[in-house]
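What's in upload_22.cif: mmCIF, C-alpha atoms (C1' of nucleotides)
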```
data_work
loop_
_atom_site.label_atom_id
_atom_site.label_comp_id
_atom_site.auth_asym_id
_atom_site.auth_seq_id
_atom_site.Cartn_x
_atom_site.Cartn_y
_atom_site.Cartn_z
CA MET A 131 59.29 40.85 -55.15
CA ALA A 132 62.49 40.09 -56.92
CA GLY A 133 64.63 37.04 -56.46
CA VAL A 134 62.24 34.46 -57.73
CA ARG A 135 62.17 30.73 -57.33
CA GLN A 136 63.73 29.05 -60.32
CA PHE A 137 61.87 25.75 -60.07
CA ASP A 138 58.23 24.91 -60.24
CA GLU A 139 57.14 23.97 -56.76
CA GLU A 140 54.32 21.63 -57.66
CA THR A 141 56.51 19.68 -60.05
CA ALA A 142 59.31 19.47 -57.56
CA LEU A 143 56.98 18.24 -54.84
CA ARG A 144 55.52 15.66 -57.15
CA GLN A 145 59.01 14.44 -57.95
CA ALA A 146 59.94 14.51 -54.29
CA LEU A 147 56.94 12.33 -53.56
CA GLU A 148 58.20 9.75 -56.01
CA VAL A 149 61.50 9.68 -54.21
CA PHE A 150 59.84 9.28 -50.83
CA TRP A 151 57.58 6.58 -52.17
CA ASP A 152 60.45 4.65 -53.70
CA HIS A 153 62.83 4.86 -50.78
CA GLY A 154 60.58 5.45 -47.78
CA PHE A 155 60.78 8.48 -45.55
CA GLN A 156 63.70 7.34 -43.48
CA ARG A 157 66.03 6.22 -46.25
CA THR A 158 65.37 9.29 -48.33
CA THR A 159 68.16 11.84 -48.01
CA MET A 160 68.33 15.43 -49.07
CA LEU A 161 70.75 14.26 -51.73
CA ASP A 162 68.11 11.92 -53.13
CA LEU A 163 65.60 14.72 -53.16
CA ALA A 164 68.02 17.03 -54.92
CA ALA A 165 68.68 14.38 -57.55
CA GLY A 166 65.01 13.55 -57.94
CA THR A 167 63.81 17.12 -58.25
CA GLY A 168 66.78 18.60 -60.07
CA VAL A 169 66.93 21.27 -57.41
CA GLN A 170 70.18 21.83 -55.54
CA ARG A 171 70.32 20.65 -51.99
CA GLY A 172 71.07 24.10 -50.69
CA SER A 173 68.04 25.48 -52.48
CA LEU A 174 65.83 22.86 -50.93
CA TYR A 175 67.12 23.68 -47.48
CA HIS A 176 66.60 27.34 -48.22
CA ALA A 177 63.08 26.90 -49.55
CA TYR A 178 61.71 24.35 -47.12
CA GLY A 179 64.02 23.88 -44.19
CA GLY A 180 64.55 20.18 -44.46
CA LYS A 181 63.34 16.72 -45.32
CA GLU A 182 60.36 16.61 -43.03
CA GLN A 183 58.88 19.86 -44.31
CA ILE A 184 59.31 18.73 -47.89
CA PHE A 185 57.66 15.49 -47.05
CA LEU A 186 54.71 17.15 -45.42
CA LYS A 187 54.08 19.31 -48.48
CA ALA A 188 54.50 16.44 -50.90
CA PHE A 189 52.33 14.21 -48.77
CA ASP A 190 49.55 16.78 -48.74
CA GLN A 191 49.42 16.72 -52.52
CA PHE A 192 49.44 12.96 -52.44
CA ALA A 193 46.71 12.71 -49.84
CA ALA A 194 44.41 15.03 -51.77
CA SER A 195 44.84 13.07 -54.94
CA PHE A 196 44.50 9.73 -53.18
CA LEU A 197 41.28 10.81 -51.51
CA ASP A 198 39.90 11.99 -54.84
CA GLY A 199 40.53 8.57 -56.27
CA ALA A 200 39.02 6.86 -53.28
CA GLU A 201 35.92 8.99 -53.45
CA ALA A 202 35.48 8.13 -57.11
CA ALA A 203 35.94 4.43 -56.40
CA LEU A 204 33.31 4.59 -53.69
CA LYS A 205 30.63 5.75 -56.10
CA GLY A 206 28.94 2.56 -57.35
CA ARG A 207 25.25 1.90 -56.62
CA ASP A 208 25.59 -1.30 -54.62
CA SER A 209 27.52 -1.00 -51.39
CA ARG A 210 29.28 -4.31 -52.02
CA ILE A 211 30.52 -3.06 -55.35
CA ARG A 212 31.48 0.23 -53.79
CA LEU A 213 33.61 -1.54 -51.24
CA LEU A 214 35.21 -3.91 -53.68
CA ARG A 215 36.08 -1.05 -56.00
CA PHE A 216 37.49 0.89 -53.12
CA PHE A 217 39.73 -1.96 -52.08
CA ASP A 218 40.81 -2.49 -55.67
CA TYR A 219 41.76 1.12 -55.82
CA CYS A 220 43.81 0.82 -52.63
CA ILE A 221 45.49 -2.33 -53.87
CA GLU A 222 46.42 -0.74 -57.18
CA SER A 223 47.96 2.14 -55.32
CA ILE A 224 49.86 -0.19 -53.01
CA ILE A 225 51.29 -2.37 -55.76
CA SER A 226 51.99 0.47 -58.17
CA GLY A 227 55.53 0.90 -59.43
CA SER A 228 58.10 -1.73 -60.22
CA PRO A 229 59.23 -3.04 -57.99
CA SER A 230 56.06 -2.19 -56.21
CA ARG A 231 56.38 0.63 -53.76
CA GLY A 232 53.91 -0.41 -51.13
CA CYS A 233 51.54 1.87 -49.32
CA LEU A 234 53.09 5.26 -48.78
CA SER A 235 50.99 6.26 -45.81
CA THR A 236 51.43 2.96 -44.03
CA ARG A 237 55.14 2.92 -44.55
CA THR A 238 55.30 6.47 -43.33
CA ALA A 239 53.19 5.70 -40.29
CA VAL A 240 55.47 2.87 -39.31
CA GLU A 241 58.79 4.50 -40.15
CA ALA A 242 58.37 8.06 -39.11
CA GLY A 243 58.89 9.27 -35.62
CA ALA A 244 58.04 12.94 -35.80
CA GLU A 245 54.67 14.10 -34.63
CA PRO A 246 53.77 16.32 -37.61
CA VAL A 247 54.25 13.40 -39.94
CA ARG A 248 52.20 11.15 -37.72
CA ARG A 249 49.50 13.80 -37.69
CA ALA A 250 49.47 14.00 -41.48
CA VAL A 251 48.98 10.27 -41.76
CA ARG A 252 46.28 10.33 -39.12
CA LYS A 253 44.44 13.01 -41.03
CA LEU A 254 44.53 10.95 -44.20
CA LEU A 255 43.16 7.93 -42.39
CA ASP A 256 40.46 10.00 -40.75
CA ASP A 257 39.45 11.49 -44.08
CA LEU A 258 39.43 8.07 -45.63
CA GLU A 259 37.29 6.74 -42.83
CA GLU A 260 34.84 9.53 -43.45
CA LEU A 261 34.55 8.73 -47.13
CA VAL A 262 33.99 5.08 -46.38
CA PHE A 263 31.50 5.96 -43.70
CA GLN A 264 29.43 7.92 -46.18
CA ALA A 265 29.71 5.21 -48.79
CA LEU A 266 28.40 2.69 -46.29
CA ASP A 267 25.16 4.57 -46.03
CA GLY A 268 22.30 2.16 -46.53
CA ALA A 269 24.46 -0.94 -46.49
CA ASP A 270 23.23 -4.01 -44.63
CA LEU A 271 25.87 -4.27 -41.94
CA VAL A 272 26.43 -6.27 -38.83
CA LEU A 273 28.24 -3.30 -37.34
CA LYS A 274 27.36 0.31 -36.85
CA PRO A 275 28.52 2.27 -39.90
CA ARG A 276 31.19 4.09 -37.95
CA GLU A 277 32.66 0.87 -36.63
CA ALA A 278 32.45 -0.68 -40.06
CA ALA A 279 34.22 2.26 -41.66
CA ARG A 280 37.01 2.03 -39.11
CA LEU A 281 37.35 -1.65 -39.69
CA VAL A 282 37.55 -1.08 -43.43
CA VAL A 283 40.35 1.43 -42.98
CA ALA A 284 42.12 -0.88 -40.57
CA THR A 285 41.90 -3.61 -43.16
CA THR A 286 43.52 -1.46 -45.82
CA ARG A 287 46.43 -1.09 -43.40
CA GLY A 288 46.62 -4.83 -43.03
CA LEU A 289 46.77 -5.19 -46.80
CA ALA A 290 49.61 -2.71 -46.96
CA VAL A 291 51.67 -4.81 -44.59
CA LEU A 292 50.92 -8.08 -46.33
CA GLU A 293 52.11 -6.58 -49.60
CA ARG A 294 55.52 -6.11 -48.05
CA VAL A 295 55.70 -9.71 -46.94
CA TYR A 296 54.12 -11.96 -49.52
CA ASP A 297 54.79 -12.58 -53.17
CA ASP A 298 52.07 -12.14 -55.76
CA PRO A 299 50.45 -9.41 -53.71
CA ARG A 300 47.72 -8.64 -56.21
CA ARG A 301 46.19 -12.07 -55.76
CA ARG A 302 46.88 -12.26 -52.07
CA LEU A 303 45.45 -8.86 -51.28
CA GLY A 304 42.50 -9.38 -53.59
CA ASP A 305 41.60 -12.64 -51.88
CA THR A 306 41.87 -11.10 -48.46
CA THR A 307 39.74 -8.20 -49.57
CA ARG A 308 36.98 -10.41 -50.90
CA SER A 309 36.99 -12.46 -47.73
CA PHE A 310 36.67 -9.33 -45.71
CA VAL A 311 33.82 -7.84 -47.72
CA ARG A 312 31.94 -11.11 -47.48
CA THR A 313 32.12 -11.03 -43.71
CA LEU A 314 31.31 -7.37 -43.40
CA LEU A 315 28.20 -7.23 -45.58
CA ARG A 316 25.21 -9.27 -44.77
CA MET B 160 88.42 -25.45 -28.37
CA ALA B 161 90.14 -22.60 -26.70
CA GLY B 162 89.43 -18.97 -27.30
CA VAL B 163 85.99 -18.88 -25.89
CA ARG B 164 83.18 -16.38 -26.24
CA GLN B 165 83.14 -14.03 -23.28
CA PHE B 166 79.46 -13.13 -23.44
CA ASP B 167 76.34 -15.19 -23.11
CA GLU B 168 74.79 -15.40 -26.53
CA GLU B 169 71.20 -15.84 -25.49
CA THR B 170 71.36 -12.87 -23.15
CA ALA B 171 73.03 -10.73 -25.75
CA LEU B 172 70.45 -11.61 -28.36
CA ARG B 173 67.66 -10.85 -25.95
CA GLN B 174 69.21 -7.47 -25.27
CA ALA B 175 69.73 -6.92 -28.97
CA LEU B 176 66.07 -7.62 -29.53
CA GLU B 177 65.15 -4.89 -27.09
CA VAL B 178 67.30 -2.48 -29.04
CA PHE B 179 65.74 -3.48 -32.34
CA TRP B 180 62.27 -3.24 -30.87
CA ASP B 181 62.90 0.20 -29.43
CA HIS B 182 64.59 1.73 -32.45
CA GLY B 183 63.35 -0.36 -35.35
CA PHE B 184 65.61 -2.34 -37.63
CA GLN B 185 66.72 0.54 -39.81
CA ARG B 186 67.59 3.04 -37.12
CA THR B 187 69.45 0.49 -35.06
CA THR B 188 73.20 0.77 -35.51
CA MET B 189 75.96 -1.56 -34.52
CA LEU B 190 76.86 1.05 -31.94
CA ASP B 191 73.41 0.77 -30.42
CA LEU B 192 73.74 -2.98 -30.32
CA ALA B 193 77.14 -2.76 -28.69
CA ALA B 194 75.76 -0.42 -26.06
CA GLY B 195 72.64 -2.51 -25.51
CA THR B 196 74.44 -5.81 -25.20
CA GLY B 197 77.61 -4.64 -23.51
CA VAL B 198 79.57 -6.42 -26.20
CA GLN B 199 82.12 -4.47 -28.21
CA ARG B 200 81.24 -3.62 -31.75
CA GLY B 201 84.21 -5.47 -33.12
CA SER B 202 83.20 -8.60 -31.23
CA LEU B 203 79.72 -8.44 -32.67
CA TYR B 204 81.10 -8.14 -36.18
CA HIS B 205 83.42 -11.00 -35.48
CA ALA B 206 80.76 -13.24 -34.01
CA TYR B 207 77.85 -12.52 -36.36
CA GLY B 208 79.00 -10.57 -39.35
CA GLY B 209 76.65 -7.64 -39.06
CA LYS B 210 73.35 -6.14 -38.09
CA GLU B 211 71.14 -8.28 -40.25
CA GLN B 212 72.53 -11.55 -38.97
CA ILE B 213 72.14 -10.41 -35.40
CA PHE B 214 68.60 -9.39 -36.11
CA LEU B 215 67.73 -12.70 -37.66
CA LYS B 216 68.99 -14.59 -34.61
CA ALA B 217 67.27 -12.26 -32.17
CA PHE B 218 64.08 -12.34 -34.17
CA ASP B 219 64.05 -16.13 -34.13
CA GLN B 220 64.06 -16.10 -30.35
CA PHE B 221 61.32 -13.51 -30.38
CA ALA B 222 59.17 -15.38 -32.86
CA ALA B 223 59.36 -18.59 -30.90
CA SER B 224 58.34 -16.89 -27.71
CA PHE B 225 55.62 -14.88 -29.40
CA LEU B 226 54.12 -17.97 -30.98
CA ASP B 227 54.15 -19.73 -27.62
CA GLY B 228 52.15 -16.90 -26.15
CA ALA B 229 49.76 -16.86 -29.07
CA GLU B 230 49.19 -20.57 -28.82
CA ALA B 231 48.39 -20.24 -25.15
CA ALA B 232 46.00 -17.38 -25.81
CA LEU B 233 44.20 -19.44 -28.42
CA LYS B 234 43.31 -22.15 -25.92
CA GLY B 235 39.84 -21.17 -24.56
CA ARG B 236 36.82 -23.40 -25.16
CA ASP B 237 34.65 -20.98 -27.13
CA SER B 238 36.09 -19.83 -30.44
CA ARG B 239 34.92 -16.26 -29.83
CA ILE B 240 36.78 -16.18 -26.55
CA ARG B 241 39.78 -17.76 -28.19
CA LEU B 242 39.89 -15.04 -30.81
CA LEU B 243 39.34 -12.20 -28.38
CA ARG B 244 42.09 -13.52 -26.12
CA PHE B 245 44.37 -13.89 -29.09
CA PHE B 246 43.82 -10.30 -30.16
CA ASP B 247 44.29 -9.09 -26.60
CA TYR B 248 47.58 -10.89 -26.53
CA CYS B 249 48.64 -9.25 -29.79
CA ILE B 250 47.56 -5.85 -28.56
CA GLU B 251 49.47 -6.23 -25.32
CA SER B 252 52.56 -7.10 -27.28
CA ILE B 253 52.08 -4.16 -29.62
CA ILE B 254 51.58 -1.59 -26.89
CA SER B 255 54.21 -2.99 -24.56
CA GLY B 256 57.00 -0.71 -23.44
CA SER B 257 56.89 2.98 -22.71
CA PRO B 258 56.64 4.66 -24.97
CA SER B 259 55.00 1.75 -26.62
CA ARG B 260 57.18 0.01 -29.14
CA GLY B 261 54.63 -1.12 -31.65
CA CYS B 262 54.59 -4.44 -33.39
CA LEU B 263 58.11 -5.65 -34.05
CA SER B 264 57.28 -7.91 -36.95
CA THR B 265 55.11 -5.35 -38.70
CA ARG B 266 57.64 -2.64 -38.32
CA THR B 267 60.30 -4.96 -39.60
CA ALA B 268 58.18 -6.03 -42.55
CA VAL B 269 57.64 -2.44 -43.58
CA GLU B 270 61.14 -1.16 -42.87
CA ALA B 271 63.41 -3.91 -43.95
CA GLY B 272 64.52 -4.42 -47.50
CA ALA B 273 66.62 -7.55 -47.32
CA GLU B 274 65.10 -10.82 -48.38
CA PRO B 275 66.20 -12.96 -45.41
CA VAL B 276 64.50 -10.55 -43.05
CA ARG B 277 61.36 -10.52 -45.16
CA ARG B 278 61.42 -14.29 -45.13
CA ALA B 279 61.70 -14.39 -41.35
CA VAL B 280 58.66 -12.18 -40.98
CA ARG B 281 56.76 -14.22 -43.51
CA LYS B 282 57.51 -17.37 -41.58
CA LEU B 283 56.19 -15.85 -38.39
CA LEU B 284 52.99 -14.79 -40.10
CA ASP B 285 52.56 -18.20 -41.67
CA ASP B 286 53.08 -19.90 -38.34
CA LEU B 287 50.65 -17.53 -36.74
CA GLU B 288 48.10 -18.21 -39.44
CA GLU B 289 48.48 -21.90 -38.79
CA LEU B 290 47.83 -21.50 -35.07
CA VAL B 291 44.75 -19.40 -35.74
CA PHE B 292 43.58 -21.86 -38.34
CA GLN B 293 43.69 -24.66 -35.82
CA ALA B 294 41.98 -22.56 -33.20
CA LEU B 295 39.17 -21.81 -35.61
CA ASP B 296 38.31 -25.46 -35.78
CA GLY B 297 34.62 -25.88 -35.15
CA ALA B 298 33.83 -22.17 -35.22
CA ASP B 299 30.70 -20.98 -36.97
CA LEU B 300 32.24 -18.93 -39.76
CA VAL B 301 31.05 -17.18 -42.87
CA LEU B 302 34.41 -17.97 -44.46
CA LYS B 303 36.40 -21.09 -44.97
CA PRO B 304 38.71 -21.56 -41.98
CA ARG B 305 41.81 -20.90 -44.06
CA GLU B 306 40.45 -17.63 -45.38
CA ALA B 307 39.30 -16.67 -41.93
CA ALA B 308 42.70 -17.38 -40.44
CA ARG B 309 44.36 -15.25 -43.08
CA LEU B 310 41.94 -12.46 -42.45
CA VAL B 311 42.63 -12.64 -38.74
CA VAL B 312 46.36 -12.34 -39.31
CA ALA B 313 45.81 -9.49 -41.76
CA THR B 314 43.76 -7.75 -39.12
CA THR B 315 46.53 -8.02 -36.56
CA ARG B 316 48.73 -6.19 -39.08
CA GLY B 317 46.14 -3.48 -39.41
CA LEU B 318 46.11 -3.07 -35.64
CA ALA B 319 49.85 -2.71 -35.62
CA VAL B 320 49.67 0.19 -38.04
CA LEU B 321 46.84 1.93 -36.21
CA GLU B 322 48.86 1.79 -33.01
CA ARG B 323 51.50 3.93 -34.68
CA VAL B 324 48.96 6.53 -35.75
CA TYR B 325 46.33 6.95 -33.06
CA ASP B 326 46.48 7.92 -29.44
CA ASP B 327 45.02 5.69 -26.77
CA PRO B 328 45.83 2.62 -28.81
CA ARG B 329 44.58 0.14 -26.22
CA ARG B 330 41.04 1.39 -26.56
CA ARG B 331 41.23 1.94 -30.28
CA LEU B 332 42.70 -1.43 -31.05
CA GLY B 333 40.39 -3.16 -28.64
CA ASP B 334 37.32 -1.61 -30.25
CA THR B 335 38.50 -2.54 -33.71
CA THR B 336 39.18 -6.06 -32.57
CA ARG B 337 35.73 -6.52 -31.11
CA SER B 338 34.14 -5.15 -34.27
CA PHE B 339 36.11 -7.57 -36.30
CA VAL B 340 35.32 -10.62 -34.22
CA ARG B 341 31.64 -9.74 -34.32
CA THR B 342 31.69 -9.73 -38.11
CA LEU B 343 33.76 -12.84 -38.45
CA LEU B 344 31.84 -15.15 -36.16
CA ARG B 345 28.24 -15.88 -36.80
"C1'" DG C 10 103.36 -24.45 -17.95
"C1'" DC C 11 103.01 -24.19 -22.84
"C1'" DT C 12 100.74 -23.93 -27.02
"C1'" DA C 13 97.13 -23.62 -30.19
"C1'" DT C 14 92.95 -21.56 -30.96
"C1'" DG C 15 89.55 -18.40 -31.13
"C1'" DT C 16 88.06 -13.77 -28.89
"C1'" DT C 17 88.34 -9.04 -27.58
"C1'" DT C 18 89.92 -4.45 -28.06
"C1'" DG C 19 90.73 0.10 -29.72
"C1'" DA C 20 92.23 2.46 -33.52
"C1'" DC C 21 92.06 3.37 -38.34
"C1'" DA C 22 90.53 4.87 -42.89
"C1'" DC C 23 86.61 5.64 -45.19
"C1'" DG C 24 82.07 7.13 -46.97
"C1'" DA C 25 77.54 9.21 -46.49
"C1'" DC C 26 74.88 12.76 -45.05
"C1'" DT C 27 73.94 17.04 -42.62
"C1'" DG C 28 73.32 22.00 -42.07
"C1'" DT C 29 75.31 26.46 -43.11
"C1'" DC C 30 77.23 30.26 -45.52
"C1'" DA C 31 79.28 33.85 -48.50
"C1'" DA C 32 79.43 34.95 -53.01
"C1'" DA C 33 77.32 34.92 -57.42
"C1'" DC C 34 73.15 35.33 -59.59
"C1'" DA C 35 68.39 36.46 -61.51
"C1'" DT C 36 64.42 39.15 -61.44
"C1'" DC C 37 61.11 42.87 -60.29
"C1'" DA C 38 59.92 47.67 -59.47
"C1'" DT C 39 61.18 52.07 -60.08
"C1'" DA D 34 69.81 51.14 -65.95
"C1'" DT D 35 69.89 50.47 -61.19
"C1'" DG D 36 69.02 48.99 -56.68
"C1'" DA D 37 66.58 45.97 -53.67
"C1'" DT D 38 65.29 41.45 -52.90
"C1'" DG D 39 65.22 36.81 -52.63
"C1'" DT D 40 67.50 32.50 -54.89
"C1'" DT D 41 71.11 29.46 -56.31
"C1'" DT D 42 75.52 27.47 -55.96
"C1'" DG D 43 79.46 24.94 -54.42
"C1'" DA D 44 82.30 24.46 -50.73
"C1'" DC D 45 83.09 23.73 -45.90
"C1'" DA D 46 83.29 21.71 -41.37
"C1'" DG D 47 81.26 18.47 -38.67
"C1'" DT D 48 78.91 14.12 -37.16
"C1'" DC D 49 77.83 9.49 -37.38
"C1'" DG D 50 78.20 4.99 -38.79
"C1'" DT D 51 80.75 1.34 -41.23
"C1'" DG D 52 83.92 -2.53 -41.77
"C1'" DT D 53 88.60 -4.11 -40.90
"C1'" DC D 54 92.74 -5.25 -38.61
"C1'" DA D 55 96.84 -6.17 -35.78
"C1'" DA D 56 97.90 -6.69 -31.30
"C1'" DA D 57 96.59 -8.14 -26.80
"C1'" DC D 58 94.11 -11.44 -24.47
"C1'" DA D 59 91.78 -15.72 -22.41
"C1'" DT D 60 91.08 -20.49 -22.19
"C1'" DA D 61 91.11 -25.68 -23.24
"C1'" DG D 62 93.86 -29.45 -23.93
"C1'" DC D 63 98.12 -31.47 -23.83
#
```
Encoded form (structure tokens):
Amino acid sequence: MAGVRQFDEETALRQALEVFWDHGFQRTTMLDLAAGTGVQRGSLYHAYGGKEQIFLKAFDQFAASFLDGAEAALKGRDSRIRLLRFFDYCIESIISGSPSRGCLSTRTAVEAGAEPVRRAVRKLLDDLEELVFQALDGADLVLKPREAARLVVATTRGLAVLERVYDDPRRRLGDTTRSFVRTLLR
Amino acid sequence: MAGVRQFDEETALRQALEVFWDHGFQRTTMLDLAAGTGVQRGSLYHAYGGKEQIFLKAFDQFAASFLDGAEAALKGRDSRIRLLRFFDYCIESIISGSPSRGCLSTRTAVEAGAEPVRRAVRKLLDDLEELVFQALDGADLVLKPREAARLVVATTRGLAVLERVYDDPRRRLGDTTRSFVRTLLR
DNA sequence: GCTATGTTTGACACGACTGTCAAACATCAT
DNA sequence: ATGATGTTTGACAGTCGTGTCAAACATAGC
């Protein structure tokens, strides 16, 4: 093999993710990605094909890291604490950046049309559901654990939307979270 | 006054709303609106100024009608039935159209950057919360009614996101809804 | 009918972004 | 060193959408 890639792929994808997170999938252009990664537009086309493919690769990295964090947050001994920590983790992710960038996966789910992107988001949510499901083991629930896990994931989506709408999202989302956990656990 | 508008404003705004709902705020262009309303692009600019102003007017109509429907759905005698009917109403709205168009306000909240648009969505959610709050009067709740109402609205946002991600949204959203109502009412 | 007033129309200039490509380039293997 | 291989680069042509404007138009009121 000669003719070797001049940029570091992992770095570039991490930078691309920042761009997507800041601007959203739709508004992000190949020009933005070129600027954000320092890689020429033509090179990006050559290496990946286009915006969607870049997104999918960047999102994969993101999803893996996000799930790692979620798993760690779900590790407390009490299931109430586990849940509250998990939601805190989600909220921190959602309101990260300044101005805050919102929830990447939610924004993507709502904005993106293409099926591969939709599938990537679905996979993240399914994986997340699974983590929550396992963390709910032994909790005193009104619902079956599967249902509860799904409801938890659904609630994180609700938070993501509220963040876009209301001011002082940390407080607002935190309050909503605590309300929810109180109803879910018995 | 001479020089009179040649199109019916209410009709045009209703048609514009369809366009926005189908394509989302961002993807909708003035060309789309011209095609959808049958009004020339130049006339739309002249009459309203631009896309955002048209959206705000169309969205107002939508919000009023949506809230009417929600209020009606929240009218049963039992608060459980009231809530379930309310969620059914939301779900029907979310999955209306083919292919289904999703939740207009959620999509708008997530897509739109401009403050007036954000404010319009916020108003709808606040109004919705108020309706739910009143409908929760006398319900046997774990939470304070205000908190419960907020959680209900948050949950409708979660549903809206799930609809974008999962297949067979009617079932999925319905299941999630029933889980939620079971946890909320005691 | 005429006029004043506001509306409609199509064309215009412009900017943003896309996707592609040939030429220049860098690197590896021999 | 050289050739083979894949990468980078900047330019190109094309598409789509914007916002504006002067001229043509329609109507209410006199």
Subject >> Test item: residues at most 12 Å from Asp305 in chain A, all atoms listed in the file, excluding those fewer than 3 positions along its chain, as a ChimeraX atom specification >> reply: /A:214,217-218,221,289,292,298-302,308-312 /B:302,305-307,309-310,313
One decimal place gives the CA of Pro275 in chain A-CA of Ala239 in chain A separation as 24.9 Å
Original post:
If we count all atoms listed in the file, what is near DG24 in chain C at a cut-off of 12 Å, once residues fewer than 3 positions away on the same chain are taken out, given as a PyMOL selection string?
Top reply: chain D and resi 49-52
With the cut-off set at 9 Å and counting only C-alpha atoms (C1' of nucleotides), tabulate each residue of chain B with an atom at most that distance from an atom of chain C, showing the nearest atom pair and its distance in Å to one decimal, ordered by chain and increasing number, as a tab-separated table.
```
residue	atom	partner	partner_atom	distance
B:Met160	CA	C:DT14	C1'	6.5
B:Ala161	CA	C:DT14	C1'	5.2
B:Gly162	CA	C:DG15	C1'	3.9
B:Val163	CA	C:DT16	C1'	6.3
B:Arg164	CA	C:DT16	C1'	6.1
B:Gln165	CA	C:DT16	C1'	7.5
B:Gln199	CA	C:DT17	C1'	7.7
B:Gly201	CA	C:DT18	C1'	7.7
B:Ser202	CA	C:DT17	C1'	6.3
B:His205	CA	C:DT16	C1'	8.5
B:Ala206	CA	C:DT16	C1'	8.9
```
query: What separation in Å, quoted to one decimal, exists between CA of Val251 in chain A and CA of Asp285 in chain B?
result: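 Those two atoms sit 28.7 Å apart.
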One decimal place gives the CA of Asp219 in chain B-CA of Val291 in chain B separation as 19.6 Å
Q) Can you tell me, as a PyMOL selection string, which residues sit within 12 Å of (41.0, -30.0, -32.2) in the file's frame, using all atoms listed in the file? A) chain B and resi 233-236+238+290-298
